[in-house]
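S.K.: Contents are mmCIF, C-alpha atoms; file name coords19.cif:
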data_start
#
loop_
_atom_site.label_atom_id
_atom_site.label_comp_id
_atom_site.auth_asym_id
_atom_site.auth_seq_id
_atom_site.Cartn_x
_atom_site.Cartn_y
_atom_site.Cartn_z
CA MET I 1 -59.08 17.72 -1.69
CA ALA I 2 -55.48 17.09 -2.49
CA ALA I 3 -54.07 16.28 0.92
CA GLU I 4 -54.78 12.60 0.62
CA LEU I 5 -52.83 9.54 -0.35
CA HIS I 6 -54.33 6.78 -2.42
CA VAL I 7 -52.86 3.73 -0.82
CA ALA I 8 -52.84 0.26 -2.31
CA LEU I 9 -51.28 -2.46 -0.23
CA VAL I 10 -50.91 -5.58 -2.32
CA ALA I 11 -49.48 -8.94 -1.42
CA ALA I 12 -48.32 -11.41 -4.06
CA ASP I 13 -51.60 -13.26 -4.13
CA ARG I 14 -54.20 -10.66 -3.11
CA GLU I 15 -54.93 -7.03 -2.47
CA VAL I 16 -54.72 -6.60 1.29
CA TRP I 17 -55.93 -3.05 1.79
CA SER I 18 -56.66 -0.05 -0.32
CA GLY I 19 -58.12 3.31 0.47
CA ARG I 20 -57.32 6.91 1.30
CA ALA I 21 -54.85 7.92 3.95
CA THR I 22 -53.12 10.99 5.29
CA LEU I 23 -49.92 9.37 6.48
CA VAL I 24 -48.12 6.12 5.91
CA VAL I 25 -45.15 5.07 8.01
CA ALA I 26 -43.02 2.18 6.83
CA ARG I 27 -39.58 0.85 7.55
CA THR I 28 -37.16 0.81 4.66
CA THR I 29 -33.70 -0.70 4.75
CA SER I 30 -32.28 2.71 5.58
CA GLY I 31 -34.73 3.58 8.31
CA ASP I 32 -38.32 4.49 9.03
CA ILE I 33 -39.96 6.73 6.51
CA GLY I 34 -43.19 8.63 6.76
CA VAL I 35 -44.99 9.57 3.58
CA MET I 36 -47.55 12.36 3.48
CA PRO I 37 -49.35 13.83 0.50
CA GLY I 38 -47.04 15.77 -1.81
CA HIS I 39 -43.98 13.70 -0.98
CA GLN I 40 -41.28 13.39 -3.59
CA PRO I 41 -41.56 10.30 -5.85
CA LEU I 42 -39.99 7.48 -3.96
CA LEU I 43 -39.10 3.86 -4.52
CA GLY I 44 -37.67 1.98 -1.59
CA VAL I 45 -36.99 -1.48 -0.27
CA LEU I 46 -38.98 -2.41 2.81
CA GLU I 47 -37.70 -4.23 5.82
CA SER I 48 -39.88 -6.74 7.61
CA GLY I 49 -41.90 -4.74 10.06
CA PRO I 50 -45.19 -3.12 10.83
CA VAL I 51 -46.54 -0.52 8.42
CA THR I 52 -48.86 2.08 9.90
CA ILE I 53 -51.49 3.74 7.76
CA ARG I 54 -53.48 6.70 9.10
CA THR I 55 -56.67 6.71 7.13
CA SER I 56 -58.56 9.82 6.11
CA GLU I 57 -61.40 8.85 8.41
CA GLY I 58 -59.02 9.13 11.33
CA GLY I 59 -58.56 5.43 11.88
CA THR I 60 -55.32 3.52 11.93
CA VAL I 61 -54.50 0.40 9.98
CA VAL I 62 -51.48 -1.58 10.99
CA VAL I 63 -50.12 -4.25 8.70
CA ALA I 64 -47.31 -6.73 9.18
CA VAL I 65 -45.21 -6.68 6.04
CA HIS I 66 -42.55 -9.28 5.35
CA GLY I 67 -40.22 -7.82 2.78
CA GLY I 68 -41.32 -5.80 -0.19
CA PHE I 69 -41.27 -2.35 -1.72
CA ILE I 70 -42.79 1.03 -1.26
CA SER I 71 -43.37 3.20 -4.26
CA PHE I 72 -44.89 6.64 -4.22
CA ALA I 73 -45.64 9.02 -7.04
CA ASP I 74 -48.35 11.51 -7.78
CA ASP I 75 -50.09 11.00 -4.42
CA LYS I 76 -50.47 7.31 -5.20
CA LEU I 77 -48.69 5.06 -2.81
CA SER I 78 -48.25 1.36 -3.41
CA LEU I 79 -46.87 -1.05 -0.92
CA LEU I 80 -45.81 -4.32 -2.48
CA ALA I 81 -45.28 -7.15 -0.11
CA GLU I 82 -44.67 -10.82 -0.66
CA VAL I 83 -46.63 -11.51 2.49
CA ALA I 84 -48.77 -8.98 4.31
CA GLU I 85 -51.23 -9.44 7.15
CA LEU I 86 -53.59 -6.95 8.69
CA ALA I 87 -53.19 -6.68 12.45
CA ASP I 88 -56.79 -7.86 12.82
CA GLU I 89 -56.00 -11.06 10.96
CA ILE I 90 -53.19 -12.03 13.29
CA ASP I 91 -53.93 -14.63 15.91
CA VAL I 92 -51.72 -13.65 18.85
CA GLN I 93 -51.77 -17.00 20.58
CA ARG I 94 -50.79 -18.81 17.44
CA VAL I 95 -47.97 -16.38 16.77
CA GLU I 96 -46.68 -16.82 20.32
CA ARG I 97 -46.65 -20.55 19.83
CA GLU I 98 -44.82 -20.06 16.53
CA LEU I 99 -42.30 -17.80 18.21
CA GLU I 100 -41.58 -20.39 20.89
CA ARG I 101 -41.20 -23.11 18.34
CA ALA I 102 -38.95 -20.96 16.16
CA LYS I 103 -36.75 -20.17 19.16
CA ALA I 104 -36.57 -23.81 20.14
CA GLU I 105 -35.60 -24.85 16.64
CA GLY I 106 -33.26 -21.91 16.13
CA ASP I 107 -35.13 -20.88 12.98
CA ALA I 108 -34.11 -17.24 12.73
CA ALA I 109 -36.37 -16.41 9.78
CA ALA I 110 -39.47 -17.81 11.44
CA GLU I 111 -38.55 -16.06 14.69
CA ARG I 112 -38.28 -12.74 12.90
CA ARG I 113 -41.61 -13.26 11.15
CA ALA I 114 -43.33 -14.06 14.42
CA ASP I 115 -41.68 -11.07 16.06
CA VAL I 116 -42.91 -8.74 13.31
CA ARG I 117 -46.43 -10.06 13.75
CA LEU I 118 -46.34 -9.50 17.50
CA ARG I 119 -45.00 -5.96 17.08
CA THR I 120 -47.76 -5.29 14.58
CA VAL I 121 -50.44 -6.39 16.99
CA SER I 122 -48.99 -4.33 19.83
CA ALA I 123 -48.74 -1.27 17.57
CA ARG I 124 -52.45 -1.38 16.84
CA MET F 125 -82.59 -63.82 -19.70
CA GLY F 126 -80.41 -64.74 -22.64
CA ALA F 127 -76.64 -64.66 -22.40
CA GLN F 128 -76.35 -61.94 -25.02
CA LEU F 129 -78.77 -59.68 -23.23
CA ARG F 130 -76.99 -60.22 -19.91
CA VAL F 131 -73.68 -59.15 -21.45
CA TYR F 132 -75.24 -55.96 -22.79
CA LYS F 133 -76.90 -55.16 -19.47
CA ARG F 134 -73.60 -55.60 -17.66
CA ARG F 135 -71.76 -53.30 -20.08
CA ILE F 136 -74.46 -50.65 -19.77
CA ARG F 137 -74.11 -50.74 -15.99
CA SER F 138 -70.35 -50.32 -16.13
CA VAL F 139 -70.49 -47.51 -18.68
CA THR F 140 -73.12 -45.74 -16.57
CA ALA F 141 -70.81 -45.90 -13.57
CA THR F 142 -67.94 -44.48 -15.65
CA LYS F 143 -70.18 -41.73 -16.93
CA LYS F 144 -71.09 -40.73 -13.39
CA ILE F 145 -67.42 -40.51 -12.47
CA THR F 146 -66.39 -38.46 -15.49
CA LYS F 147 -69.39 -36.18 -14.99
CA ALA F 148 -68.30 -35.55 -11.39
CA MET F 149 -64.71 -34.91 -12.50
CA GLU F 150 -65.95 -32.50 -15.13
CA MET F 151 -67.87 -30.49 -12.57
CA ILE F 152 -64.98 -30.46 -10.11
CA ALA F 153 -62.62 -29.27 -12.84
CA ALA F 154 -65.10 -26.56 -13.87
CA SER F 155 -65.23 -25.16 -10.35
CA ARG F 156 -61.43 -25.33 -10.09
CA VAL F 157 -60.97 -23.38 -13.31
CA VAL F 158 -63.02 -20.55 -11.85
CA LYS F 159 -61.00 -20.67 -8.65
CA ALA F 160 -57.72 -20.69 -10.55
CA GLN F 161 -58.84 -17.78 -12.71
CA ARG F 162 -59.74 -15.86 -9.59
CA LYS F 163 -56.24 -16.48 -8.26
CA VAL F 164 -54.75 -15.17 -11.50
CA ALA F 165 -56.87 -12.06 -11.14
CA ALA F 166 -55.91 -11.65 -7.48
CA SER F 167 -52.21 -11.77 -8.31
CA THR F 168 -52.51 -9.17 -11.05
CA PRO F 169 -52.27 -5.99 -8.91
CA TYR F 170 -48.98 -7.15 -7.44
CA ALA F 171 -47.62 -8.04 -10.88
CA THR F 172 -48.62 -4.70 -12.40
CA GLU F 173 -47.16 -2.69 -9.54
CA LEU F 174 -43.97 -4.70 -9.72
CA THR F 175 -43.68 -4.20 -13.47
CA ARG F 176 -44.18 -0.50 -12.93
CA ALA F 177 -41.47 -0.39 -10.30
CA VAL F 178 -39.03 -2.37 -12.45
CA THR F 179 -39.68 -0.04 -15.37
CA ALA F 180 -39.16 2.95 -13.13
CA VAL F 181 -35.75 1.74 -11.99
CA GLY F 182 -34.83 0.51 -15.44
CA THR F 183 -35.56 3.80 -17.16
CA GLY F 184 -34.60 6.07 -14.27
CA SER F 185 -31.08 4.80 -13.90
CA ASN F 186 -28.35 3.06 -15.84
CA THR F 187 -27.75 0.34 -13.36
CA LYS F 188 -26.34 -2.97 -14.50
CA HIS F 189 -27.43 -6.20 -12.94
CA PRO F 190 -26.60 -9.88 -13.62
CA LEU F 191 -30.29 -10.55 -14.28
CA THR F 192 -30.48 -7.92 -17.02
CA THR F 193 -27.12 -8.29 -18.74
CA GLN F 194 -26.97 -10.40 -21.82
CA ALA F 195 -24.01 -12.75 -21.87
CA GLU F 196 -21.83 -12.26 -24.93
CA THR F 197 -21.84 -15.92 -25.82
CA VAL F 198 -24.55 -18.07 -24.36
CA THR F 199 -23.16 -21.51 -23.64
CA ARG F 200 -25.78 -22.89 -21.30
CA SER F 201 -29.49 -22.19 -21.01
CA ALA F 202 -32.04 -23.36 -18.50
CA VAL F 203 -35.51 -24.45 -19.57
CA LEU F 204 -38.24 -24.48 -16.96
CA LEU F 205 -41.12 -26.71 -18.00
CA LEU F 206 -44.46 -26.47 -16.23
CA THR F 207 -46.63 -29.58 -16.38
CA SER F 208 -49.25 -30.98 -14.03
CA ASP F 209 -49.08 -33.67 -11.37
CA ARG F 210 -52.03 -35.59 -12.67
CA GLY F 211 -53.17 -36.58 -16.12
CA LEU F 212 -56.71 -36.99 -17.43
CA ALA F 213 -56.33 -33.64 -19.09
CA GLY F 214 -56.28 -34.50 -22.76
CA ALA F 215 -53.22 -33.26 -24.58
CA PHE F 216 -52.35 -30.67 -21.92
CA ASN F 217 -49.13 -32.26 -20.71
CA SER F 218 -47.99 -33.65 -24.02
CA ASN F 219 -48.42 -30.23 -25.64
CA ALA F 220 -46.29 -28.57 -22.95
CA ILE F 221 -43.66 -31.29 -23.18
CA LYS F 222 -43.65 -31.06 -26.97
CA ALA F 223 -43.12 -27.30 -26.78
CA ALA F 224 -40.24 -27.83 -24.35
CA GLU F 225 -38.66 -30.42 -26.62
CA GLN F 226 -38.89 -28.14 -29.62
CA LEU F 227 -37.31 -25.33 -27.65
CA THR F 228 -34.56 -27.63 -26.40
CA ALA F 229 -33.84 -28.80 -29.93
CA ARG F 230 -33.69 -25.22 -31.15
CA LEU F 231 -31.33 -24.15 -28.38
CA GLU F 232 -29.12 -27.16 -28.94
CA SER F 233 -28.95 -26.44 -32.66
CA GLU F 234 -27.64 -23.01 -31.70
CA GLY F 235 -24.86 -24.77 -29.85
CA LYS F 236 -26.15 -24.21 -26.35
CA GLN F 237 -26.20 -26.73 -23.58
CA VAL F 238 -29.63 -27.10 -22.02
CA ASP F 239 -30.45 -27.71 -18.36
CA THR F 240 -34.03 -28.81 -17.83
CA TYR F 241 -36.00 -27.86 -14.73
CA ILE F 242 -39.43 -29.43 -14.39
CA VAL F 243 -42.52 -28.70 -12.34
CA GLY F 244 -45.16 -31.42 -12.18
CA ARG F 245 -45.07 -35.17 -11.92
CA ARG F 246 -46.14 -35.83 -15.52
CA GLY F 247 -43.18 -33.97 -16.96
CA VAL F 248 -40.78 -35.58 -14.52
CA ALA F 249 -42.12 -39.04 -15.40
CA HIS F 250 -41.78 -38.30 -19.12
CA TYR F 251 -38.15 -37.29 -18.76
CA ASN F 252 -37.25 -40.05 -16.36
CA PHE F 253 -38.75 -42.67 -18.64
CA ARG F 254 -36.51 -41.47 -21.45
CA GLU F 255 -33.59 -41.26 -19.02
CA ARG F 256 -32.96 -37.61 -19.71
CA LYS F 257 -31.21 -35.49 -17.16
CA ILE F 258 -33.32 -33.18 -15.02
CA ALA F 259 -31.45 -30.38 -13.27
CA ASP F 260 -34.14 -29.89 -10.64
CA GLN F 261 -37.76 -30.86 -10.16
CA TRP F 262 -40.74 -29.87 -8.06
CA THR F 263 -44.00 -31.73 -7.64
CA GLY F 264 -47.10 -31.69 -5.50
CA PHE F 265 -48.48 -28.18 -5.86
CA THR F 266 -49.48 -27.81 -9.50
CA ASP F 267 -53.23 -27.87 -8.84
CA GLU F 268 -53.14 -24.89 -6.53
CA PRO F 269 -49.76 -23.19 -6.57
CA SER F 270 -49.03 -20.66 -3.84
CA TYR F 271 -46.56 -17.80 -3.94
CA ALA F 272 -44.26 -19.74 -1.62
CA ASP F 273 -44.14 -22.49 -4.25
CA ALA F 274 -43.16 -19.97 -6.90
CA LYS F 275 -40.37 -18.73 -4.63
CA LYS F 276 -39.18 -22.28 -4.13
CA VAL F 277 -38.99 -22.77 -7.90
CA ALA F 278 -37.40 -19.40 -8.60
CA ALA F 279 -34.64 -19.55 -5.97
CA PRO F 280 -32.34 -22.16 -7.61
CA LEU F 281 -32.99 -20.64 -11.05
CA ILE F 282 -31.94 -17.17 -9.96
CA GLU F 283 -28.94 -18.67 -8.25
CA ALA F 284 -27.98 -20.52 -11.44
CA ILE F 285 -28.25 -17.32 -13.47
CA GLU F 286 -26.10 -15.36 -11.06
CA LYS F 287 -23.42 -18.03 -11.02
CA ASP F 288 -20.61 -17.93 -13.56
CA THR F 289 -21.14 -20.17 -16.54
CA ALA F 290 -17.82 -21.84 -15.90
CA ASP F 291 -19.02 -22.92 -12.42
CA GLY F 292 -22.16 -24.55 -13.79
CA GLY F 293 -24.32 -21.46 -13.97
CA VAL F 294 -26.62 -20.67 -16.87
CA ASP F 295 -26.74 -17.65 -19.16
CA GLU F 296 -30.41 -17.54 -19.94
CA LEU F 297 -33.67 -18.92 -18.67
CA HIS F 298 -36.61 -19.98 -20.80
CA ILE F 299 -39.96 -20.93 -19.43
CA VAL F 300 -42.45 -23.26 -21.11
CA TYR F 301 -45.98 -23.10 -19.80
CA THR F 302 -49.56 -23.30 -20.97
CA GLU F 303 -51.19 -19.95 -21.37
CA PHE F 304 -54.83 -19.73 -20.37
CA VAL F 305 -56.42 -17.87 -23.26
CA SER F 306 -60.02 -18.79 -22.59
CA MET F 307 -62.09 -21.67 -21.28
CA MET F 308 -61.80 -23.34 -24.69
CA THR F 309 -58.30 -22.31 -25.73
CA GLN F 310 -55.09 -22.97 -23.91
CA GLN F 311 -51.78 -22.65 -25.62
CA ALA F 312 -48.40 -24.09 -24.73
CA LEU F 313 -45.76 -21.46 -25.32
CA ASP F 314 -42.18 -20.68 -24.46
CA ALA F 315 -40.80 -17.35 -23.37
CA ARG F 316 -37.40 -16.08 -22.40
CA LEU F 317 -37.56 -14.91 -18.83
CA LEU F 318 -33.93 -14.04 -18.20
CA PRO F 319 -31.87 -12.08 -18.88
CA LEU F 320 -34.58 -9.56 -18.55
CA SER F 321 -34.88 -6.95 -21.20
CA LEU F 322 -36.02 -3.76 -19.53
CA ASP F 323 -37.29 -2.43 -22.84
CA GLU F 324 -39.66 -5.36 -23.14
CA VAL F 325 -40.85 -4.83 -19.59
CA ALA F 326 -41.46 -1.20 -20.41
CA GLN F 327 -43.55 -2.19 -23.42
CA GLU F 328 -45.95 -4.14 -21.23
CA ARG F 329 -47.01 -0.91 -19.63
CA PRO F 330 -49.75 1.26 -21.04
CA LYS F 331 -48.43 3.86 -23.44
CA GLY F 332 -48.42 7.55 -22.78
CA GLU F 333 -47.80 7.33 -19.08
CA ILE F 334 -44.77 9.30 -17.99
CA LEU F 335 -42.95 7.86 -15.06
CA PRO F 336 -41.79 10.34 -12.45
CA LEU F 337 -38.19 10.65 -11.37
CA TYR F 338 -38.01 8.53 -8.30
CA ASP F 339 -35.90 8.90 -5.23
CA PHE F 340 -34.38 5.52 -4.59
CA GLU F 341 -34.12 4.28 -1.08
CA PRO F 342 -31.39 3.21 -0.27
CA SER F 343 -30.01 3.36 -3.86
CA ALA F 344 -31.03 2.45 -7.38
CA GLU F 345 -28.68 -0.56 -7.38
CA ASP F 346 -30.04 -1.91 -4.13
CA VAL F 347 -33.62 -1.41 -5.21
CA LEU F 348 -32.95 -3.21 -8.48
CA ASP F 349 -31.15 -5.93 -6.57
CA ALA F 350 -34.21 -6.53 -4.46
CA LEU F 351 -36.73 -5.96 -7.22
CA LEU F 352 -35.53 -8.24 -9.98
CA PRO F 353 -35.70 -11.54 -8.11
CA ARG F 354 -39.21 -10.59 -6.96
CA TYR F 355 -40.13 -9.80 -10.54
CA VAL F 356 -38.90 -13.17 -11.71
CA GLU F 357 -40.78 -14.88 -8.89
CA SER F 358 -43.95 -13.06 -9.77
CA ARG F 359 -43.58 -14.05 -13.42
CA ILE F 360 -43.08 -17.67 -12.45
CA TYR F 361 -46.03 -17.46 -10.07
CA ASN F 362 -48.18 -16.11 -12.87
CA ALA F 363 -47.04 -18.91 -15.19
CA LEU F 364 -47.81 -21.50 -12.50
CA LEU F 365 -51.29 -20.08 -11.99
CA GLN F 366 -52.01 -19.95 -15.71
CA SER F 367 -50.73 -23.46 -16.12
CA ALA F 368 -53.01 -24.63 -13.28
CA ALA F 369 -56.02 -22.89 -14.78
CA SER F 370 -55.22 -24.39 -18.19
CA LYS F 371 -54.86 -27.82 -16.70
CA HIS F 372 -58.26 -27.64 -15.06
CA ALA F 373 -59.83 -26.33 -18.25
CA ALA F 374 -58.22 -29.16 -20.22
CA THR F 375 -59.46 -31.68 -17.65
CA ARG F 376 -62.94 -30.24 -17.86
CA ARG F 377 -62.94 -30.54 -21.63
CA ALA F 378 -61.50 -34.06 -21.62
CA MET F 379 -64.03 -35.17 -19.03
CA LYS F 380 -66.87 -33.54 -20.91
CA SER F 381 -66.07 -35.47 -24.07
CA ALA F 382 -65.64 -38.64 -21.98
CA THR F 383 -69.10 -38.08 -20.50
CA ASP F 384 -70.56 -37.46 -23.96
CA ASN F 385 -68.91 -40.58 -25.31
CA ALA F 386 -70.21 -42.63 -22.41
CA GLY F 387 -73.72 -41.31 -23.09
CA GLU F 388 -73.45 -42.28 -26.74
CA LEU F 389 -72.11 -45.69 -25.82
CA ILE F 390 -75.03 -46.23 -23.44
CA ASN F 391 -77.45 -45.32 -26.20
CA THR F 392 -75.87 -47.75 -28.66
CA LEU F 393 -75.69 -50.48 -26.06
CA SER F 394 -79.29 -50.08 -24.97
CA ARG F 395 -80.40 -50.27 -28.61
CA LEU F 396 -78.40 -53.47 -29.00
CA ALA F 397 -79.85 -54.77 -25.75
CA ASN F 398 -83.37 -53.95 -26.94
CA ALA F 399 -82.74 -55.73 -30.21
CA ALA F 400 -81.35 -58.73 -28.35
CA ARG F 401 -84.38 -58.78 -26.06
CA GLN F 402 -86.71 -58.50 -29.02
CA ALA F 403 -84.89 -61.29 -30.83
CA GLU F 404 -85.18 -63.41 -27.74
CA ILE F 405 -88.94 -62.80 -27.52
CA THR F 406 -89.39 -63.48 -31.21
CA GLN F 407 -87.46 -66.66 -30.87
CA GLU F 408 -89.52 -67.76 -27.87
CA ILE F 409 -92.79 -67.04 -29.70
CA SER F 410 -91.66 -68.89 -32.78
CA GLU F 411 -90.60 -71.79 -30.58
CA ILE F 412 -94.01 -71.85 -28.87
CA VAL F 413 -95.87 -71.50 -32.13
CA GLY F 414 -93.67 -74.09 -33.76
CA GLY F 415 -94.14 -76.43 -30.78
CA SER F 416 -97.90 -76.04 -30.67
CA ALA F 417 -98.15 -76.50 -34.43
CA ALA F 418 -96.14 -79.69 -34.16
CA LEU F 419 -98.42 -80.85 -31.32
CA ALA F 420 -101.54 -79.94 -33.30
CA ASP F 421 -100.20 -81.86 -36.29
CA ALA F 422 -99.46 -84.85 -34.09
CA THR F 423 -102.95 -84.88 -32.46
CA ALA F 424 -104.62 -84.31 -35.80
CA GLY F 425 -102.78 -87.37 -37.11
CA SER F 426 -103.69 -89.64 -34.17
CA ASP F 427 -107.35 -88.61 -34.30
CA LYS F 428 -107.79 -89.99 -37.72
#
Go ahead and express the file in the form of structure tokens.
M.R.:
Amino acid sequence: MAAELHVALVAADREVWSGRATLVVARTTSGDIGVMPGHQPLLGVLESGPVTIRTSEGGTVVVAVHGGFISFADDKLSLLAEVAELADEIDVQRVERELERAKAEGDAAAERRADVRLRTVSAR
Amino acid sequence: MGAQLRVYKRRIRSVTATKKITKAMEMIAASRVVKAQRKVAASTPYATELTRAVTAVGTGSNTKHPLTTQAETVTRSAVLLLTSDRGLAGAFNSNAIKAAEQLTARLESEGKQVDTYIVGRRGVAHYNFRERKIADQWTGFTDEPSYADAKKVAAPLIEAIEKDTADGGVDELHIVYTEFVSMMTQQALDARLLPLSLDEVAQERPKGEILPLYDFEPSAEDVLDALLPRYVESRIYNALLQSAASKHAATRRAMKSATDNAGELINTLSRLANAARQAEITQEISEIVGGSAALADATAGSDK
């Protein structure tokens, strides 16, 4: 069966998720992009944001990605992220605390990270 | 107990305690090597994918970038030296430092000015003791470096490369680290990290694979702009991990030979202690025999 993507989502220090999928939606610097099997070879820069992967089994995997790249060729899709967290790994209460602290300290980068995590959890 | 024997007993006790410590350190180091190796393996997928992406942009477009352009005349180079925070690792640190010094001498003989960047307390101490200038230093994470640490190290280096040489920037970046070849072999080596030669990157990839013509999003320049710093970071991360693994392997080996030496020393000392004890007993017997013989002689004399 050809209508499948082989997805490998790797962070700098580990492989976060890999498997087969039918659709991957990610946010590049020029907007959201959805990749399905047979897409043209693509290499793009990712924004921080949730990445949604529809697996072949019909499930959905949502991952918070903080900067990285998407590259697709030959029905093989790789998502390279410096930091990536599966939605299941995210502890909502901790992130909310982080968000509050980041807002209080005016740390824009930390605030954005926390925001991405929260959006990822809510997208699940 | 004779004085001699007591001295031997005391030394045996102290060497036994040392042996226990070095044995424990050896085992800790052995488990850390495995952990460090696992981290190297875990970081490999990211590195390979990144290399692939860099090759794709490099071959698929003719984009120029400060990180890939060779300066016409190199006036200043940066040397990044990776050492460890703690010693007790045999010649690990001195080998790395020696390699860095050789590289520095070579660069200086080519008429280049050298800025030294150091990771690890041992290297920093070595340079400070000799009152050499260190451009920047990082310590405290060499046993278990994380990707964030690699980013921290890479940031000022990339900045220095991108700056004009006249404003204090550098033209090239060399890295000196200890490659983890195997449990028994680790090798200090130097490599030029920047400017990056895309041909060399391409050679790292398996032959015969044809890269497709990519669509770049948003553009080839922007992708390269974002990719290259990540590539450098990932290379530095890899070097840090290898250096950590090498350090633990060196510690394990050093501690193993320390344990072996302590065992040998205990053997020698217990033989000496046995001899001393035996000598003591012999002496006591001969004293008793001598004493009783003298007594017997005396009584025999008075009887007559």
S.K.: Smallest atom-to-atom distance to chain I: which of F:Ala344, F:Ala259, F:Ala290, F:Met307, using all atoms listed in the file?
M.R.: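 That would be F:Ala344, the residue with the smallest distance to chain I.
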S.K.: Can you work out which residues from chain I touch chain F at a cut-off of 7 Å (counting only C-alpha atoms) and hand them back as a ChimeraX atom specification?
M.R.: /I:10-15,29-30,41-45,73,80
S.K.: Under the PyMOL selection byres ((chain I and resi 52-69) around 6), which residues of this model are included? Write them out as a ChimeraX atom specification.
M.R.: /I:20-25,44-51,70,79-81,83-87,117,120,124
S.K.: Return as a ChimeraX atom specification the set of residues that the PyMOL selection byres ((chain F and resi 226-241) around 10) yields on the displayed structure.
M.R.: /F:197-206,220-225,242-243,247-248,251,256-262,277,280-281,292-300,313-315
S.K.: Please save C-alpha atoms of the selected residues as a short mmCIF file (atom, residue, chain, number, x, y, z; two decimals), in the frame of the given file.
M.R.:
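Once everything was written out, this is result_38.cif:
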data_model
loop_
_atom_site.label_atom_id
_atom_site.label_comp_id
_atom_site.auth_asym_id
_atom_site.auth_seq_id
_atom_site.Cartn_x
_atom_site.Cartn_y
_atom_site.Cartn_z
CA THR F 197 -21.84 -15.92 -25.82
CA VAL F 198 -24.55 -18.07 -24.36
CA THR F 199 -23.16 -21.51 -23.64
CA ARG F 200 -25.78 -22.89 -21.30
CA SER F 201 -29.49 -22.19 -21.01
CA ALA F 202 -32.04 -23.36 -18.50
CA VAL F 203 -35.51 -24.45 -19.57
CA LEU F 204 -38.24 -24.48 -16.96
CA LEU F 205 -41.12 -26.71 -18.00
CA LEU F 206 -44.46 -26.47 -16.23
CA ALA F 220 -46.29 -28.57 -22.95
CA ILE F 221 -43.66 -31.29 -23.18
CA LYS F 222 -43.65 -31.06 -26.97
CA ALA F 223 -43.12 -27.30 -26.78
CA ALA F 224 -40.24 -27.83 -24.35
CA GLU F 225 -38.66 -30.42 -26.62
CA ILE F 242 -39.43 -29.43 -14.39
CA VAL F 243 -42.52 -28.70 -12.34
CA GLY F 247 -43.18 -33.97 -16.96
CA VAL F 248 -40.78 -35.58 -14.52
CA TYR F 251 -38.15 -37.29 -18.76
CA ARG F 256 -32.96 -37.61 -19.71
CA LYS F 257 -31.21 -35.49 -17.16
CA ILE F 258 -33.32 -33.18 -15.02
CA ALA F 259 -31.45 -30.38 -13.27
CA ASP F 260 -34.14 -29.89 -10.64
CA GLN F 261 -37.76 -30.86 -10.16
CA TRP F 262 -40.74 -29.87 -8.06
CA VAL F 277 -38.99 -22.77 -7.90
CA PRO F 280 -32.34 -22.16 -7.61
CA LEU F 281 -32.99 -20.64 -11.05
CA GLY F 292 -22.16 -24.55 -13.79
CA GLY F 293 -24.32 -21.46 -13.97
CA VAL F 294 -26.62 -20.67 -16.87
CA ASP F 295 -26.74 -17.65 -19.16
CA GLU F 296 -30.41 -17.54 -19.94
CA LEU F 297 -33.67 -18.92 -18.67
CA HIS F 298 -36.61 -19.98 -20.80
CA ILE F 299 -39.96 -20.93 -19.43
CA VAL F 300 -42.45 -23.26 -21.11
CA LEU F 313 -45.76 -21.46 -25.32
CA ASP F 314 -42.18 -20.68 -24.46
CA ALA F 315 -40.80 -17.35 -23.37
#
S.K.: Could you list the residues chosen by the PyMOL selection byres ((chain F and resi 393-398) around 9) in this structure as number ranges by chain?
M.R.: F: 128-133, 135-136, 388-392, 399-403
S.K.: For a quick check of understanding, using only C-alpha atoms, which of F:Gln311, F:Ser138, F:Ser321, F:Asn252 has the smallest distance to Leu191 in chain F?
M.R.: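 Going through F:Gln311, F:Ser138, F:Ser321, F:Asn252 one by one, the smallest distance to Leu191 in chain F is for F:Ser321.
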S.K.: Give me range 114-121 of chain I with N, CA and C atoms filled in, as a short mmCIF file (atom, residue, chain, number, x, y, z; two decimals), in the coordinates of the input.
M.R.:
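Once everything was written out, this is part12.cif:
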data_model
loop_
_atom_site.label_atom_id
_atom_site.label_comp_id
_atom_site.auth_asym_id
_atom_site.auth_seq_id
_atom_site.Cartn_x
_atom_site.Cartn_y
_atom_site.Cartn_z
N ALA I 114 -42.42 -14.06 13.28
CA ALA I 114 -43.33 -14.06 14.42
C ALA I 114 -43.18 -12.75 15.21
N ASP I 115 -41.95 -12.30 15.32
CA ASP I 115 -41.68 -11.07 16.06
C ASP I 115 -42.35 -9.88 15.38
N VAL I 116 -42.27 -9.83 14.06
CA VAL I 116 -42.91 -8.74 13.31
C VAL I 116 -44.40 -8.76 13.54
N ARG I 117 -44.98 -9.95 13.54
CA ARG I 117 -46.43 -10.06 13.75
C ARG I 117 -46.81 -9.54 15.13
N LEU I 118 -46.01 -9.93 16.13
CA LEU I 118 -46.34 -9.50 17.50
C LEU I 118 -46.23 -7.99 17.62
N ARG I 119 -45.17 -7.43 17.01
CA ARG I 119 -45.00 -5.96 17.08
C ARG I 119 -46.17 -5.27 16.40
N THR I 120 -46.64 -5.88 15.31
CA THR I 120 -47.76 -5.29 14.58
C THR I 120 -49.01 -5.24 15.47
N VAL I 121 -49.24 -6.35 16.15
CA VAL I 121 -50.44 -6.39 16.99
C VAL I 121 -50.33 -5.37 18.12
#
